[in-house]
>>> print(open('target_6.txt').read())   # compact mmCIF, C-alpha atoms and all ligand atoms
# COMPACT_ATOMS: atom_id res chain seq x y z
CA MET A 1 129.88 -60.13 -14.97
CA SER A 2 129.24 -58.29 -11.71
CA LYS A 3 126.16 -59.00 -9.64
CA PHE A 4 124.94 -55.49 -10.38
CA VAL A 5 125.24 -55.90 -14.15
CA MET A 6 123.56 -59.30 -13.97
CA LYS A 7 120.65 -57.88 -12.02
CA SER A 8 120.30 -55.04 -14.47
CA ALA A 9 120.30 -57.42 -17.45
CA GLN A 10 117.65 -59.58 -15.79
CA GLU A 11 115.48 -56.56 -15.11
CA MET A 12 115.78 -55.53 -18.73
CA LEU A 13 114.74 -58.96 -19.96
CA ARG A 14 111.79 -58.89 -17.58
CA GLN A 15 110.65 -55.56 -19.10
CA LEU A 16 111.23 -56.89 -22.59
CA LEU A 17 109.13 -59.99 -21.97
CA LYS A 18 106.39 -57.99 -20.30
CA THR A 19 106.17 -55.62 -23.27
CA ALA A 20 106.22 -58.41 -25.86
CA GLY A 21 103.63 -60.52 -24.02
CA PRO A 22 102.54 -63.43 -26.25
CA TYR A 23 105.35 -62.58 -28.69
CA ALA A 24 108.12 -62.86 -26.09
CA LYS A 25 109.83 -65.66 -27.98
CA TRP A 26 110.62 -63.37 -30.93
CA ALA A 27 111.55 -60.40 -28.76
CA LEU A 28 114.08 -62.53 -26.89
CA ALA A 29 115.52 -64.00 -30.08
CA ALA A 30 115.95 -60.51 -31.58
CA ARG A 31 117.69 -59.19 -28.46
CA LYS A 32 119.97 -62.22 -28.39
CA LYS A 33 120.99 -61.75 -32.03
CA TYR A 34 121.75 -58.11 -31.30
CA ILE A 35 123.81 -58.80 -28.16
CA ASN A 36 125.81 -61.54 -29.86
CA LEU A 37 126.59 -59.16 -32.67
CA ARG A 38 127.84 -56.50 -30.25
CA LEU A 39 129.94 -58.93 -28.22
CA GLY A 40 132.49 -59.77 -30.89
CA GLN A 41 132.99 -56.24 -32.15
CA ASP A 42 135.72 -54.92 -29.85
CA GLN A 43 138.10 -57.74 -30.79
CA GLU A 44 137.24 -57.43 -34.46
CA VAL A 45 137.87 -53.68 -34.55
CA ARG A 46 141.08 -53.80 -32.54
CA ARG A 47 142.42 -56.50 -34.84
CA ILE A 48 142.14 -54.10 -37.80
CA TYR A 49 144.39 -51.55 -36.10
CA ILE A 50 146.80 -54.18 -34.86
CA ARG A 51 147.18 -55.56 -38.36
CA ALA A 52 147.84 -52.09 -39.79
CA ALA A 53 150.40 -51.11 -37.15
CA ASP A 54 152.13 -54.48 -37.23
CA LYS A 55 152.58 -54.12 -40.95
CA VAL A 56 154.38 -50.80 -40.49
CA ALA A 57 156.42 -52.21 -37.59
CA ARG A 58 157.53 -55.15 -39.76
CA GLU A 59 158.51 -52.71 -42.46
CA ILE A 60 160.65 -50.71 -40.00
CA ARG A 61 162.51 -53.84 -38.88
CA ARG A 62 163.03 -54.86 -42.48
CA LEU A 63 164.47 -51.45 -43.36
CA LYS A 64 166.87 -51.69 -40.43
CA ARG A 65 168.07 -55.07 -41.65
CA GLN A 66 168.53 -53.55 -45.09
CA GLY A 67 170.93 -50.98 -43.67
CA TYR A 68 168.77 -47.88 -43.31
CA GLY A 69 170.62 -47.16 -40.07
CA ASN A 70 170.53 -47.92 -36.37
CA ARG A 71 168.73 -44.68 -35.64
CA MET A 72 165.47 -43.53 -37.17
CA ASN A 73 166.10 -40.95 -39.88
CA ILE A 74 164.39 -39.26 -42.78
CA ARG A 75 165.12 -42.18 -45.14
CA TYR A 76 162.94 -44.38 -42.93
CA MET A 77 160.16 -41.82 -43.08
CA THR A 78 160.28 -41.64 -46.87
CA ALA A 79 160.31 -45.42 -47.22
CA LEU A 80 157.44 -45.82 -44.76
CA GLU A 81 155.20 -43.20 -46.27
CA LEU A 82 153.85 -45.56 -48.88
CA SER A 83 152.87 -48.31 -46.46
CA LEU A 84 151.27 -45.71 -44.20
CA ARG A 85 149.22 -44.46 -47.12
CA GLN A 86 148.30 -47.97 -48.20
CA ASN A 87 146.82 -48.98 -44.87
CA SER A 88 143.66 -51.00 -45.32
CA ILE A 89 141.92 -49.68 -42.21
CA VAL A 90 139.10 -47.92 -44.03
CA GLU A 91 138.20 -50.98 -46.13
CA SER A 92 138.35 -53.27 -43.12
CA LEU A 93 136.23 -50.92 -41.00
CA LYS A 94 133.74 -50.64 -43.83
CA GLY A 95 133.55 -54.41 -43.96
CA ILE A 96 132.75 -54.68 -40.26
CA VAL A 97 130.25 -51.82 -40.30
CA SER A 98 128.48 -53.06 -43.39
CA GLY A 99 128.20 -56.62 -42.03
CA SER A 100 127.05 -55.28 -38.66
CA ILE A 101 124.39 -53.05 -40.20
CA GLU A 102 122.95 -55.92 -42.21
CA LYS A 103 122.87 -58.29 -39.24
CA ALA A 104 121.53 -55.64 -36.84
CA VAL A 105 118.76 -54.64 -39.25
CA GLU A 106 117.87 -58.29 -39.69
CA ALA A 107 117.78 -58.76 -35.90
CA GLY A 108 115.66 -55.61 -35.51
CA THR A 109 113.12 -56.61 -38.14
CA SER A 110 112.95 -60.23 -36.98
CA TYR A 111 110.65 -59.41 -34.06
CA SER A 112 107.83 -57.80 -36.04
CA TYR A 113 108.31 -60.42 -38.74
CA GLY A 114 107.72 -63.20 -36.21
CA VAL A 115 104.71 -61.37 -34.80
CA THR A 116 103.12 -60.81 -38.21
CA LEU A 117 103.71 -64.35 -39.46
CA SER A 118 102.19 -65.81 -36.32
CA GLN A 119 99.09 -63.62 -36.78
CA ILE A 120 98.76 -64.37 -40.48
CA SER A 121 99.08 -68.09 -39.85
CA ARG A 122 95.77 -67.88 -37.99
CA THR A 123 94.02 -66.56 -41.11
CA LYS A 124 93.63 -67.70 -44.70
CA LEU A 125 96.03 -65.02 -46.01
CA ALA A 126 99.12 -66.20 -47.89
CA LYS A 127 102.46 -65.69 -46.14
CA GLU A 128 104.53 -64.92 -49.18
CA PRO A 129 103.52 -61.22 -49.51
CA ILE A 130 104.52 -60.78 -45.86
CA GLN A 131 107.99 -62.12 -46.58
CA ARG A 132 108.24 -59.71 -49.47
CA ALA A 133 107.14 -56.75 -47.34
CA PHE A 134 109.75 -57.53 -44.68
CA PHE A 135 112.45 -58.04 -47.25
CA ARG A 136 111.63 -54.54 -48.54
CA ALA A 137 111.70 -53.19 -44.98
CA ASN A 138 115.16 -54.72 -44.49
CA THR A 139 116.55 -53.14 -47.65
CA GLN A 140 115.01 -49.80 -46.79
CA ALA A 141 116.49 -49.84 -43.27
CA VAL A 142 119.99 -50.73 -44.52
CA GLU A 143 119.84 -47.88 -47.03
CA ALA A 144 118.68 -45.46 -44.34
CA CYS A 145 121.70 -46.40 -42.20
CA TRP A 146 124.15 -45.51 -44.94
CA ALA A 147 122.27 -42.30 -45.74
CA ARG A 148 122.31 -41.09 -42.12
CA THR A 149 124.54 -38.10 -41.49
CA GLN A 150 126.18 -37.03 -38.26
CA GLY A 151 127.83 -33.66 -37.95
CA GLY A 152 127.14 -33.29 -41.68
CA LEU A 153 129.13 -36.41 -42.54
CA HIS A 154 127.90 -39.63 -44.08
CA LEU A 155 128.92 -42.90 -42.54
CA SER A 156 131.49 -43.61 -45.24
CA ASP A 157 133.12 -40.20 -44.60
CA ARG A 158 133.24 -40.89 -40.88
CA LEU A 159 134.87 -44.26 -41.50
CA TRP A 160 137.48 -42.58 -43.65
CA ARG A 161 138.15 -40.07 -40.86
CA HIS A 162 138.80 -42.85 -38.38
CA SER A 163 141.23 -44.49 -40.74
CA GLU A 164 143.01 -41.15 -41.26
CA LYS A 165 143.29 -40.68 -37.50
CA ALA A 166 145.16 -43.95 -37.22
CA ARG A 167 147.47 -43.04 -40.08
CA THR A 168 148.17 -39.64 -38.51
CA ALA A 169 148.87 -41.21 -35.11
CA MET A 170 151.31 -43.72 -36.61
CA THR A 171 152.96 -40.97 -38.63
CA GLU A 172 153.36 -38.85 -35.48
CA ILE A 173 155.04 -41.71 -33.65
CA ILE A 174 157.45 -42.28 -36.54
CA GLN A 175 158.18 -38.58 -37.00
CA ASP A 176 158.95 -38.24 -33.33
CA ALA A 177 161.32 -41.21 -33.57
CA VAL A 178 163.05 -39.58 -36.53
CA ALA A 179 163.38 -36.28 -34.66
CA THR A 180 165.04 -37.99 -31.70
CA GLY A 181 166.99 -40.58 -33.68
CA GLU A 182 165.37 -43.47 -31.84
CA ASP A 183 166.44 -47.10 -32.31
CA PRO A 184 164.09 -48.38 -35.06
CA VAL A 185 163.34 -51.53 -33.04
CA GLU A 186 161.97 -49.30 -30.28
CA THR A 187 159.81 -47.40 -32.75
CA ALA A 188 158.39 -50.63 -34.13
CA ARG A 189 157.61 -51.74 -30.59
CA ALA A 190 155.96 -48.41 -29.72
CA LEU A 191 153.62 -48.75 -32.71
CA GLU A 192 152.67 -52.30 -31.78
CA LYS A 193 151.98 -51.29 -28.19
CA TYR A 194 150.03 -48.16 -29.07
CA VAL A 195 147.36 -50.01 -31.05
CA ARG A 196 147.12 -52.78 -28.49
CA ARG A 197 146.95 -50.82 -25.28
CA GLY A 198 146.50 -47.16 -26.11
CA LYS A 199 148.43 -44.05 -25.25
CA LYS A 200 148.44 -44.69 -21.51
CA THR A 201 150.82 -47.64 -21.82
CA LEU A 202 153.07 -45.61 -24.06
CA ALA A 203 153.06 -42.71 -21.62
CA TYR A 204 154.33 -45.09 -18.96
CA GLU A 205 157.06 -46.63 -21.09
CA TYR A 206 157.97 -43.62 -23.20
CA PRO A 207 157.11 -40.63 -21.01
CA GLU A 208 159.15 -38.11 -22.99
CA MET A 209 157.78 -39.15 -26.34
CA MET A 210 154.22 -38.85 -25.05
CA GLU A 211 154.91 -35.48 -23.57
CA ARG A 212 156.14 -34.26 -26.93
CA MET A 213 153.14 -35.60 -28.81
CA GLY A 214 150.59 -34.43 -26.27
CA SER A 215 147.08 -34.45 -27.64
CA ARG A 216 148.16 -34.98 -31.26
CA ILE A 217 147.43 -38.69 -31.04
CA PRO A 218 144.21 -40.15 -29.66
CA GLN A 219 144.22 -42.00 -26.36
CA ASP A 220 143.02 -45.21 -28.00
CA VAL A 221 142.46 -45.00 -31.72
CA SER A 222 140.78 -48.38 -32.04
CA TYR A 223 138.39 -47.63 -29.17
CA GLU A 224 137.19 -44.54 -31.02
CA ALA A 225 136.44 -46.66 -34.06
CA LEU A 226 134.75 -49.26 -31.89
CA ARG A 227 132.47 -46.58 -30.51
CA LEU A 228 131.45 -45.70 -34.04
CA VAL A 229 130.82 -49.36 -34.92
CA ARG A 230 128.69 -49.78 -31.78
CA THR A 231 126.70 -46.64 -32.49
CA GLU A 232 126.01 -47.68 -36.08
CA THR A 233 125.03 -51.19 -34.99
CA ALA A 234 122.58 -49.83 -32.42
CA ALA A 235 121.19 -47.38 -34.96
CA ALA A 236 120.74 -50.19 -37.48
CA TYR A 237 118.92 -52.34 -34.93
CA GLY A 238 116.66 -49.38 -34.10
CA GLU A 239 116.06 -48.57 -37.75
CA GLY A 240 115.19 -52.20 -38.51
CA THR A 241 112.87 -52.34 -35.51
CA ILE A 242 111.02 -49.16 -36.52
CA VAL A 243 110.75 -49.87 -40.24
CA ALA A 244 109.52 -53.42 -39.60
CA ALA A 245 106.96 -52.25 -37.06
CA SER A 246 105.61 -49.76 -39.56
CA VAL A 247 104.63 -52.57 -41.94
CA THR A 248 103.05 -54.63 -39.16
CA PRO A 249 99.26 -54.15 -39.04
CA SER A 250 98.91 -54.72 -35.27
CA TYR A 251 101.60 -52.13 -34.39
CA ILE A 252 100.35 -49.52 -31.93
CA GLY A 253 103.49 -48.02 -30.37
CA MET A 254 107.20 -48.32 -29.66
CA LYS A 255 108.48 -48.81 -26.13
CA TRP A 256 111.86 -47.61 -24.91
CA VAL A 257 113.26 -50.34 -22.66
CA LEU A 258 116.10 -49.27 -20.36
CA SER A 259 119.23 -51.37 -20.21
CA ASN A 260 119.94 -50.14 -16.72
CA TYR A 261 116.80 -49.80 -14.66
CA SER A 262 118.30 -49.11 -11.27
CA ASN A 263 120.60 -46.34 -12.47
CA PRO A 264 119.75 -45.03 -15.95
CA CYS A 265 121.40 -41.92 -17.37
CA HIS A 266 119.13 -38.87 -17.56
CA ILE A 267 118.73 -39.06 -21.36
CA CYS A 268 117.53 -42.67 -21.34
CA LYS A 269 115.43 -42.07 -18.26
CA GLY A 270 113.71 -39.25 -20.13
CA PHE A 271 112.92 -41.57 -23.05
CA ALA A 272 111.66 -44.32 -20.76
CA GLU A 273 109.39 -42.02 -18.78
CA ALA A 274 107.91 -39.90 -21.57
CA ASP A 275 104.13 -40.13 -21.69
CA HIS A 276 102.39 -39.94 -25.04
CA GLY A 277 99.12 -41.37 -23.80
CA LEU A 278 100.05 -44.94 -24.74
CA GLY A 279 101.72 -45.90 -21.45
CA LYS A 280 105.07 -44.97 -19.95
CA GLY A 281 107.86 -44.76 -22.52
CA ILE A 282 105.63 -45.77 -25.44
CA TYR A 283 105.81 -43.64 -28.60
CA PRO A 284 103.19 -43.43 -31.35
CA PRO A 285 103.94 -44.88 -34.80
CA GLY A 286 105.89 -42.28 -36.76
CA GLY A 287 107.13 -40.60 -33.58
CA GLU A 288 109.65 -43.22 -32.43
CA PRO A 289 112.84 -42.02 -30.73
CA PRO A 290 116.06 -42.96 -32.51
CA MET A 291 118.41 -45.52 -31.04
CA PRO A 292 121.00 -45.17 -29.49
CA ALA A 293 120.40 -42.31 -27.07
CA HIS A 294 124.16 -41.87 -26.61
CA PRO A 295 127.38 -43.75 -27.46
CA ASN A 296 127.53 -47.20 -25.88
CA CYS A 297 123.83 -47.07 -24.92
CA MET A 298 122.41 -50.58 -24.53
CA CYS A 299 118.75 -49.59 -24.20
CA THR A 300 116.41 -51.01 -26.80
CA LEU A 301 113.14 -50.44 -28.65
CA VAL A 302 110.36 -53.01 -28.59
CA SER A 303 107.17 -52.60 -30.55
CA VAL A 304 103.83 -52.89 -28.78
CA HIS A 305 100.98 -54.68 -30.53
CA GLU A 306 97.23 -54.92 -30.31
CA ASP A 307 95.84 -57.67 -28.12
CA THR A 308 96.22 -60.83 -30.21
CA ASP A 309 92.71 -62.25 -29.98
CA ALA A 310 91.08 -58.89 -30.59
CA PHE A 311 93.38 -58.36 -33.55
CA ILE A 312 92.62 -61.77 -35.09
CA ASP A 313 88.90 -61.02 -34.71
CA ARG A 314 89.46 -57.75 -36.58
CA LEU A 315 91.41 -59.55 -39.30
CA ASN A 316 88.58 -62.02 -39.77
CA ALA A 317 85.99 -59.23 -39.80
CA TRP A 318 88.03 -57.40 -42.43
CA MET A 319 88.28 -60.54 -44.58
CA LYS A 320 84.48 -60.78 -44.60
CA ASN A 321 83.99 -57.06 -45.15
CA PRO A 322 87.06 -54.94 -46.01
CA ALA A 323 85.23 -51.67 -45.42
CA SER A 324 84.62 -52.62 -41.77
CA GLN A 325 88.34 -52.23 -40.90
CA PRO A 326 89.72 -49.26 -42.84
CA ASP A 327 93.22 -49.45 -41.25
CA LEU A 328 93.59 -53.12 -42.21
CA GLU A 329 92.30 -52.44 -45.70
CA LYS A 330 94.89 -49.66 -46.05
CA TRP A 331 97.62 -52.04 -44.82
CA TYR A 332 96.43 -54.66 -47.31
CA GLN A 333 96.59 -52.19 -50.20
CA ASP A 334 99.85 -50.43 -49.26
CA VAL A 335 101.92 -53.21 -47.72
CA TYR A 336 100.48 -56.64 -48.38
CA SER A 337 99.54 -56.12 -52.04
CA ASN A 338 102.62 -54.07 -52.86
CA VAL A 339 104.52 -56.23 -55.33
CA ALA A 340 107.25 -53.71 -56.11
ZN ZN B 401 120.57 -46.07 -22.58
>>> encode(input="target_6.txt", output="structure tokens")
Amino acid sequence: MSKFVMKSAQEMLRQLLKTAGPYAKWALAARKKYINLRLGQDQEVRRIYIRAADKVAREIRRLKRQGYGNRMNIRYMTALELSLRQNSIVESLKGIVSGSIEKAVEAGTSYSYGVTLSQISRTKLAKEPIQRAFFRANTQAVEACWARTQGGLHLSDRLWRHSEKARTAMTEIIQDAVATGEDPVETARALEKYVRRGKKTLAYEYPEMMERMGSRIPQDVSYEALRLVRTETAAAYGEGTIVAASVTPSYIGMKWVLSNYSNPCHICKGFAEADHGLGKGIYPPGGEPPMPAHPNCMCTLVSVHEDTDAFIDRLNAWMKNPASQPDLEKWYQDVYSNVA
């Protein structure tokens, strides 16, 4: 990690801790869960594409051994069509995205859950209804993630598109090899290299082939899928954070915390500097900005809560006389007592 990145990360943590105040422990734990989740994703996603391409490459070598010819031809194409169609990319991507959404939502909700439990533990209220409310929030957030559309497409449609892109790219490479009568071993190698290192490597080693294919194959098909996985993970973390905050009685606003304080992009800077009368970058409940602001954005949302002692005093006052704290009474009826 460069010094610059380190400094930026430290500044972000400082802002996070400042915003969370007495609840810093839970804010840090949530951020850590989220970061750990994001860290493994590039390898995981690339492995899916490598597996798919390697399978086709193996098939090509096998066909050559079986006497399909020393030059790629239409018989190869016909034989390969089935394994190209049977690629498991979409199922594997779905597996990663679905696991990531669940874990990111859990990480996002964990902060407000920690906050609420710590507050409740200072009163005579039972904890069990709180667990139930947060379990509901989790389920609701996961469902919202799958229901989200982008460019009119649901997540499952977008996953399918990414899998199709890979199939098309592999088909293009094979078709080109057939057209030029390439040595099948070379074609197998080109497929293996494409998914590992992208089009740039191929352009260097197979300049003519790349010139012929031009923009018909993506620069790096697995990177495009990774970007989608990252976006969905960030969105799930944001969704979890917002839904959980909305069932937390001390919730007063949502703060946008920049991942890169010294040099934020203009979109994130706009979010972090917006003034809604609650302090810089703090949004009222119900008016929270969606995460992420753009692909690969590492900024985060952290909920802001009422001063702890004042809030506990209000809780105790409400327990003596429910009518004295209408907002808490409403929370008790709608969230705490909701057994559905
Ligand atoms: Zn950002």
>>> residues_near_ligand(input="target_6.txt", ligand="ligand ZN 401 (chain B)", cutoff="10 Å", atoms="only C-alpha atoms and all ligand atoms", output="list in words")
Trp256, Val257, Leu258, Ser259, Asn260, Tyr261, Pro264, Cys265, His266, Ile267, Cys268, Lys269, Gly270, Phe271, Ala272, Met291, Pro292, Ala293, His294, Pro295, Asn296, Cys297, Met298, Cys299 and Thr300 of chain A
>>> residues_near_point(input="target_6.txt", point="(106.0, -47.5, -42.6)", cutoff="10 Å", atoms="only C-alpha atoms", output="PyMOL selection string")
chain A and resi 137+242-248+285-286+331+334-335
>>> closest_atom_pairs(input="target_6.txt", of="range 49-145 of chain A", to="range 210-229 of chain A", cutoff="8 Å", atoms="only C-alpha atoms", output="JSON lines")
{"residue": "A:Tyr49", "atom": "CA", "partner": "A:Ser222", "partner_atom": "CA", "distance": 6.3}
{"residue": "A:Ile96", "atom": "CA", "partner": "A:Val229", "partner_atom": "CA", "distance": 7.8}
{"residue": "A:Val97", "atom": "CA", "partner": "A:Val229", "partner_atom": "CA", "distance": 5.9}
{"residue": "A:Ser100", "atom": "CA", "partner": "A:Val229", "partner_atom": "CA", "distance": 8.0}
>>> residues_around(input="target_6.txt", residues="Ala235 in chain A", least_positions_apart="4", cutoff="9 Å", atoms="only C-alpha atoms", output="PyMOL selection string")
chain A and resi 101+104-105+145+230-231+239-240+290-292
>>> closest_residue(input="target_6.txt", among="A:Arg148, A:Arg58, A:Lys94, A:Lys193", to="Arg161 in chain A", atoms="only C-alpha atoms")
A:Lys94
>>> atom_distance(input="target_6.txt", atom1="CA of Arg189 in chain A", atom2="CA of Glu205 in chain A")
10.8 Å
>>> atom_distance(input="target_6.txt", atom1="CA of Asn338 in chain A", atom2="CA of Ala133 in chain A")
7.6 Å
>>> atom_distance(input="target_6.txt", atom1="CA of Ser156 in chain A", atom2="CA of Glu91 in chain A")
10.0 Å
>>> residues_around(input="target_6.txt", residues="range 301-307 of chain A", least_positions_apart="2", cutoff="7 Å", atoms="all atoms listed in the file", output="PyMOL selection string")
chain A and resi 19-20+238+245+250-257+309-311
>>> residues_around(input="target_6.txt", residues="range 28-39 of chain A", least_positions_apart="5", cutoff="9 Å", atoms="only C-alpha atoms", output="ChimeraX atom specification")
/A:13,16-17,20,23,100,103-104,106-111,230,233-234,237,300
>>> closest_residue(input="target_6.txt", among="A:Thr187, A:Gln175, A:Gln43, A:Ser324", to="Ile74 in chain A", atoms="all atoms listed in the file")
A:Gln175
>>> decode(input="target_6.txt", residues="range 82-126 of chain A", atoms="C-alpha atoms", output="compact mmCIF listing (two decimals), in the first residue's frame")
# COMPACT_ATOMS: atom_id res chain seq x y z
CA LEU A 82 -21.96 -27.24 -26.69
CA SER A 83 -19.28 -26.61 -24.09
CA LEU A 84 -19.46 -22.89 -24.84
CA ARG A 85 -23.19 -22.97 -24.24
CA GLN A 86 -22.81 -25.03 -21.08
CA ASN A 87 -20.46 -22.61 -19.38
CA SER A 88 -21.29 -22.24 -15.71
CA ILE A 89 -20.30 -18.57 -15.47
CA VAL A 90 -23.76 -17.25 -14.70
CA GLU A 91 -24.36 -19.75 -11.86
CA SER A 92 -20.92 -19.11 -10.39
CA LEU A 93 -21.35 -15.33 -10.59
CA LYS A 94 -24.75 -15.63 -9.00
CA GLY A 95 -23.19 -17.62 -6.18
CA ILE A 96 -20.59 -14.94 -5.49
CA VAL A 97 -23.07 -12.07 -5.75
CA SER A 98 -25.65 -13.75 -3.57
CA GLY A 99 -23.09 -14.61 -0.88
CA SER A 100 -21.64 -11.10 -1.07
CA ILE A 101 -25.04 -9.44 -0.75
CA GLU A 102 -25.90 -11.47 2.34
CA LYS A 103 -22.57 -10.77 4.02
CA ALA A 104 -22.56 -7.09 3.05
CA VAL A 105 -26.10 -6.57 4.33
CA GLU A 106 -25.15 -8.32 7.56
CA ALA A 107 -22.07 -6.08 7.90
CA GLY A 108 -24.18 -2.99 7.15
CA THR A 109 -26.87 -3.80 9.69
CA SER A 110 -24.38 -4.90 12.36
CA TYR A 111 -23.56 -1.32 13.35
CA SER A 112 -27.08 -0.18 14.23
CA TYR A 113 -27.72 -3.58 15.79
CA GLY A 114 -24.76 -3.10 18.14
CA VAL A 115 -25.87 0.43 18.94
CA THR A 116 -29.46 -0.59 19.71
CA LEU A 117 -28.51 -3.61 21.83
CA SER A 118 -26.11 -1.52 23.89
CA GLN A 119 -28.86 1.05 24.53
CA ILE A 120 -31.50 -1.55 25.36
CA SER A 121 -29.15 -3.30 27.75
CA ARG A 122 -29.30 -0.17 29.91
CA THR A 123 -33.09 -0.51 30.26
CA LYS A 124 -35.49 -3.22 31.40
CA LEU A 125 -36.66 -3.95 27.82
CA ALA A 126 -36.16 -7.49 26.52
